[in-house]
Each structure stands twice: as C-alpha cells, then as structure tokens.
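Contents: one structure, followed by commentary.
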Amino acid sequence: MYPGSHAQNDPDRPAVILAETGTQVTYRQLDDRSAALARVLYDAGLRRGDVVALLSDNAAEVFDVYWAAHRSGLYITAVNNHLTVGEAAYIVADSGARALIVSAALTDLVTGVAAQLEGPEVRLAFGGDVPGFEGYEAALAAAGPRLADQPCGAVMLYSSGTTGFPKGVKPALPERRVDEPGDPIVAIARHLYGLTVDDVYLSPAPIYHAAPLRWCGMVQALGGTVVLTARFDAEATLNCIERYRVSVTQMVPTMFVRLLKLDKDVRSRRDLSSLRMVIHAAAPCPVDVKRAMIDWLGPIVYEYYSSTEAHGMTFIDSDEWLAHPGSVGRAVLGVLHICDDDGSELPVGDVGTVYFERDQLPFEYHDDPAKTAEAQHPDHPCWTTVGDLGRVDEDGYLYLADRKSFMIISGGVNIYPQEVENSLALHPAVHDVAVIGVPHPDLGEQVKAVVQLAAGVAGSPALAAELIDYTRERVAHYKAPRSVDFVDELPRTPTGKLVKGALRDRYRRETAAPAAAPSAR
C-alpha cells in the first residue's frame with residue numbers, strides 16, 4: 001500500500017506530525033505532493049533506476065521525496081546532514097544522483113556540497129531560498145497531471161562509515177507497482193509487530209538513517225501516523241508520548257540509557273499508557289539496561305537485528321528475551337549461519353561471522369563488485385554478512401559479540417568490546433563508554449576503557465580503579481580494562497552508533513604501550 005490508497009480511504013488522517021510545532025500533513029496532502037514531485041522528476045528526464053539524493057533535517061518534506069521516489073521506480077539516497085561538505089558531496093556524486101533535493105535549514109552545507117558537484121541537473125530547495133536551487137513549492141505548484149505508471153522504487157542508503165569509507169547499499173528494484181503488495185519488510189511490520197492504521201509512531205532519530213526512514217515509510221504504507229521530532233531529548237520524548245498518545249516508538253540503546261538516567265519523578269509523572277510497543281535496534285543493548293526498561297514499561301520492549309543492507313533480520317519480544325537474556329532473537333528474514341574465517345559452519349555456541357541466507361543476493365554495493373564479493377560467503381553467494389560476530393544457542397537465538405574489526409586479541413584470547421561496554425553502561429559516573437584494544441609489548445593488545453563522565457563528575461585515578469573493579473564484578477577479570485582514560489566526549493553518529501574505528505586508530509598510533517595501572521588522563 002502507499003499514501004494514495006489511504007488518501008482515498010481516510011484523506012484527513014495525519015500522515016506526519018512535527019512534534020515540536022504540531023504541524024500536520026494529511027494523507028491527502030502527502031499523496032498530492034508526492035504525486036506532483038514524481039511528475040516534476042519525470043518531466044526532468046528521470047526514469048526507473050535513477051537516483052534522487054536528499055539532504056535534509058527532520059522535515060515533513062522528507063516524506064514527499066520518499067514517496068515520490070517510491071511511486072516512480074527511483075532510488076532515494078538520504079544523506080547524513082552531519083557529514084562534512086566533502087563527505088556529503090562524495091555520496092551525492094558516488095550515487096550518480098540526477099536530482100538533489102535539500103532543506104534550506106542546511107544552506108551552508110548544501111551550498112558547499114553543490115559547489116563541488118557538476119550535477120545533478122535537478123536541484124530543488126524547500127523551506128526557503130538556496131542559491132543555485134529552484135524553489136520546491138513553485139516546482140510542485142507548476143507540476144503537470146499525475147503519472148499513470150507507478151513502478152515501485154527503493155532506498156539506496158550509504159553505510160555509516162564507522163568501519164571505513166561509506167558504501168552505497170543498492171537493492172534490486174522491485175518488479176511490481178507501488179500499490180501492489182510484496183514488500184517483505186512491510187509484511188513483517190504488519191504481521192510480526194501488528195502495525196495498523198491506528199498506530200501513532202514516534203521517530204526520535206535522524207530521518208536520513210536507514211531504520212527511521214524505512215520504519216516511517218512502513219508506518220505510512222500501513223496508514224498510521226508518524227510523529228517526527230527534530231532531535232532526541234529524553235524528557236521531551238516522554239512529553240511527546242503523552243501529548244500525541246504514541247503507541248509505538250523505536251530507539252537505540254543509548255536513548256534507553258538517557259531515559260533511565262532521568263530522575264524517577266520525571267519519568268513517573270508522564271502518562272505513557274498509550275505505549276504498546278517500544279522497539280530497539282542498531283546496537284546490542286546491555287542486559288542491565290534492557291531489564292530496567294522492561295521493569296519500567298512492562299513486557300512491551302521488542303528488539304530486532306538487521307543492517308542498512310537489510311540482508312536479514314532477527315526478532316525477539318520481552319518474554320523471549322527474559323528467557324534468553326542478551327539475545328537479539330531468531331531469524332524472521334533469511335536463514336542464520338555462523339561460520340569461521342574459512343566459511344565452515346560452526347557448532348552451537350561458538351562465535352563466528354554472522355551470515356544470512358536468502359534465495360537471491362539481497363543487495364550489492366554500488367559500483368563496487370569487490371566490496372560486494374567481500375560480503376558474500378566463499379561457497380554460497382546468497383549468504384551475506386556485514387562483518388558482525390555472534391553465536392546461536394540450541395534454540396536458534398542469536399547473540400552478537402561485536403564487529404570482527406573491533407575484536408581485541410590479548411595474549412591470544414579473543415575479547416569482545418561490546419560485552420565490556422555493556423558492563424559499564426549503568427555506572428552512575430558513566431555518561432558514555434568505548435572499549436578498545438591498545439598496543440601492548442607482551443600481550444599484543446590490552447583492554448582500555450575510554451569514558452565520557454556524567455555531568456559534575458571529575459576523573460581521577462581512584463575513579464578509574466573503581467570502574468575497573470566494577471567491571472571485574474560483572475565480567476571475567478581478563479576482559480576487564482587494564483586502564484581507563486577520561487575524555488570530554490566520545491564520537492557517536494547522531495543515530496547512536498559509536499565511531500570506534502577512529503578512536504582505536506588514534507591510540508594505535510601511539511608509540512608507547514599504556515601502563516597496566518589505571519590511568520585518568
């Protein structure tokens with residue numbers, strides 16, 4: 001389904017509400033505007049398989065562009081608006097975009113990006129004037145009649161780049177019309193999560209990211225209402241849930257931590273009774289954090305594991321998780337395989353590379369067959385991986401370890417940083433934490449915790465020792481940090497992913513190995 005069907009059945013139902021202002025876009029308006037933009041792009045020469053790049057803040061027009069692409073057989077490439085000019089320009093150019101649609105709220109970034117590009121030939125700006133861009137509203141107002149042909153489009157997003165240069169993830173275009181069923185992700189949302197036209201979905205994350213963009217699209221495909229915030233704020237999120245009677249929301253574990261660290265009286269005075277489902281993904285959630293969320297909200301916390309590549313998916317509800325704490329669930333899209341470095345399948349309980357088996361190759365990396373080949377199993381080309389490590393138990397539940405590239409090998413023993421980070425997440429002095437391996441002359445690598453402290457807390461050797469002891473109470477001693485550094489801020493993407501590669505590389509460039517004693521620099 002798509003906005004056109006909902007515009008016919010319930011034209012005045014809100015398709016999107018901007019949380020801070022209360023501004024609403026109805027399904028009739030979304031259908032009319034996306035149809036007009038589809039016509040504008042068609043008249044400019046864009047055809048099935050072409051790319052529309054979007055550089056925007058969390059604005060309602062994002063959904064015009066999303067659905068215009070989806071009803072035109074086009075790819076939409078939403079670009080991270082926190083990138084540098086050069087990084088954003090690289091993505092627009094690499095995608096081969098023939099249209100670039102931007103928000104005037106990002107004028108400085110947009111004009112810098114445009115100056116580095118020869119194309120795209122279509123440039124539209126909404127929310128104000130941007131030099132070199134045609135006015136978006138004027139273009140829609142002058143659009144011709146609706147297009148009769150509506151082949152289904154898709155998203156082509158770029159990986160976050162936390163483990164290397166961003167890669168364009170290009171799925172095959174569906175061989176169907178936009179108003180025909182067949183999207184497996186929408187089917188999962190309907191049948192597994194029970195999303196309906198009555199749901200109000202709060203999206204507190206940047207809309208350019210894969211999960212928020214796709215989930216908002218799924219909610220609108222099913223006729224629900226999206227409440228879009230400009231950014232995440234813990235207390236404001238509770239206010240939104242109460243004000244708009246939100247029934248479903250999706251967050252990342254760092255958001256859970258921020259919510260749990262609010263004063264209890266702040267949490268208790270908001271009416272959250274409308275909530276029936278809190279979904280989380282993007283990173284493994286510390287066991288203590290998730291258990292605290294279930295204790296607070298009840299058994300309405302659901303988790304899935306997937307990726308920008310959408311090559312597979314697992315799912316787990318609260319009751320299953322309480323029986324299998326730490327798991328991200330069983331496969332609901334694709335068949336799980338855990339393999340060693342040679343591609344051989346490992347027995348239950350052993351940690352290896354996580355593959356999903358599909359009937360056909362679910363994606364390719366845009367213009368990069370070598371990277372596509374790296375993601376494929378050496379013997380089974382339809383088994384693909386994004387480099388995550390994990391294990392399955394005897395019931396088929398998946399437990400993630402970490403990215404292979406972040407694994408620490410200390411004295412020949414494998415240590416997975418995520419487990420150590422999880423053990424520190426709820427310490428009252430810790431606002432954020434990253435665990436990395438640093439060079440050591442005898443062990444090869446040694447475990448270091450890099451900690452961003454909570455407001456008002458000062459770093460000291462005594463606090464470093466306390467954090468190390470706190471970790472040793474929760475994980476095996478050999479996994480605990482041998483040293484702790486305190487920093488003003490840790491690098492995270494706006495979607496909550498830790499940019500660990502750059503942090504680790506900075507420490508690896510140090511010529512001297514760190515001392516074994518706790519440090520507080």
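Letters for chains follow the order of the structure tokens (A, B, ...), residue numbers begin at 1 for each chain, and ligand numbers begin at 1 in the order shown.
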Excluding Ser344 of chain A and residues on its chain fewer than 6 positions from it, collect all residues at most 12 Å away from it, counting only C-alpha atoms, and give them as an MDAnalysis selection string. chainID A and resid 337:338 350 352:355 377:380
Can you write just those residues out, N, CA and C atoms, as a short mmCIF file (atom, residue, chain, number, x, y, z; two decimals), in the first residue's frame?
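Full text of part28.cif as output:
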data_model
loop_
_atom_site.label_atom_id
_atom_site.label_comp_id
_atom_site.auth_asym_id
_atom_site.auth_seq_id
_atom_site.Cartn_x
_atom_site.Cartn_y
_atom_site.Cartn_z
N HIS A 337 23.39 -18.42 9.67
CA HIS A 337 24.54 -19.32 9.67
C HIS A 337 25.68 -18.63 10.41
N ILE A 338 26.40 -19.35 11.25
CA ILE A 338 27.58 -18.85 11.94
C ILE A 338 28.78 -19.61 11.39
N ASP A 350 29.54 -21.55 19.45
CA ASP A 350 30.82 -20.98 19.02
C ASP A 350 30.59 -19.63 18.33
N GLY A 352 31.36 -16.79 15.65
CA GLY A 352 31.87 -16.66 14.30
C GLY A 352 31.16 -15.55 13.56
N THR A 353 31.40 -15.49 12.27
CA THR A 353 30.79 -14.46 11.44
C THR A 353 29.32 -14.80 11.18
N VAL A 354 28.46 -13.77 11.31
CA VAL A 354 27.02 -13.96 11.13
C VAL A 354 26.66 -13.78 9.65
N TYR A 355 26.10 -14.82 9.05
CA TYR A 355 25.60 -14.77 7.68
C TYR A 355 24.09 -14.98 7.68
N HIS A 377 29.51 -15.17 1.22
CA HIS A 377 30.17 -16.37 1.70
C HIS A 377 31.02 -16.95 0.57
N PRO A 378 32.20 -17.51 0.87
CA PRO A 378 33.08 -18.01 -0.20
C PRO A 378 32.47 -19.14 -1.03
N ASP A 379 31.54 -19.90 -0.47
CA ASP A 379 30.96 -21.02 -1.20
C ASP A 379 29.47 -20.85 -1.52
N HIS A 380 28.83 -19.90 -0.87
CA HIS A 380 27.39 -19.70 -1.05
C HIS A 380 27.13 -18.22 -1.32
#
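Taking only segment 135-279 of chain A, the residues that DSSP calls strand (DSSP E or B) from the backbone come to Gly135, Pro151, Ala154, Val155, Leu157, Tyr158, Gly168, Val169, Lys170, Arg177, Val200, Tyr201, Leu202, Ser203, Thr225, Val226, Val227, Leu228, Val248, Thr249, Gln250, Met251, Met277, Val278 and Ile279 of chain A.
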Taking 2 positions as the minimum chain separation for residues in the same chain, which residues sit within 12 Å of Leu55 of chain A when counting only C-alpha atoms? Answer as a PyMOL selection string. chain A and resi 52-53+57-59+61-62+65+76-83+85+88-89+91-92+97+99-111+113-114+123-126+206-209
Record the distance separating atom CA of Ala434 of chain A and atom CA of Tyr302 of chain A, expressed in Å with one decimal.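 Interatomic distance, atom CA of Ala434 of chain A to atom CA of Tyr302 of chain A: 24.9 Å.
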Write out as a Markdown table a residue-level contact list of segment 235-294 of chain A versus segment 173-194 of chain A with cut-off 10 Å: for each qualifying residue the closest pair of atoms and the distance in Å to one decimal, counting only C-alpha atoms, rows sorted by chain and residue number upward.
| residue | atom | partner | partner_atom | distance |
| --- | --- | --- | --- | --- |
| A:Val248 | CA | A:Tyr193 | CA | 9.6 |
| A:Met277 | CA | A:Tyr193 | CA | 8.3 |
| A:Ile279 | CA | A:Tyr193 | CA | 9.4 |
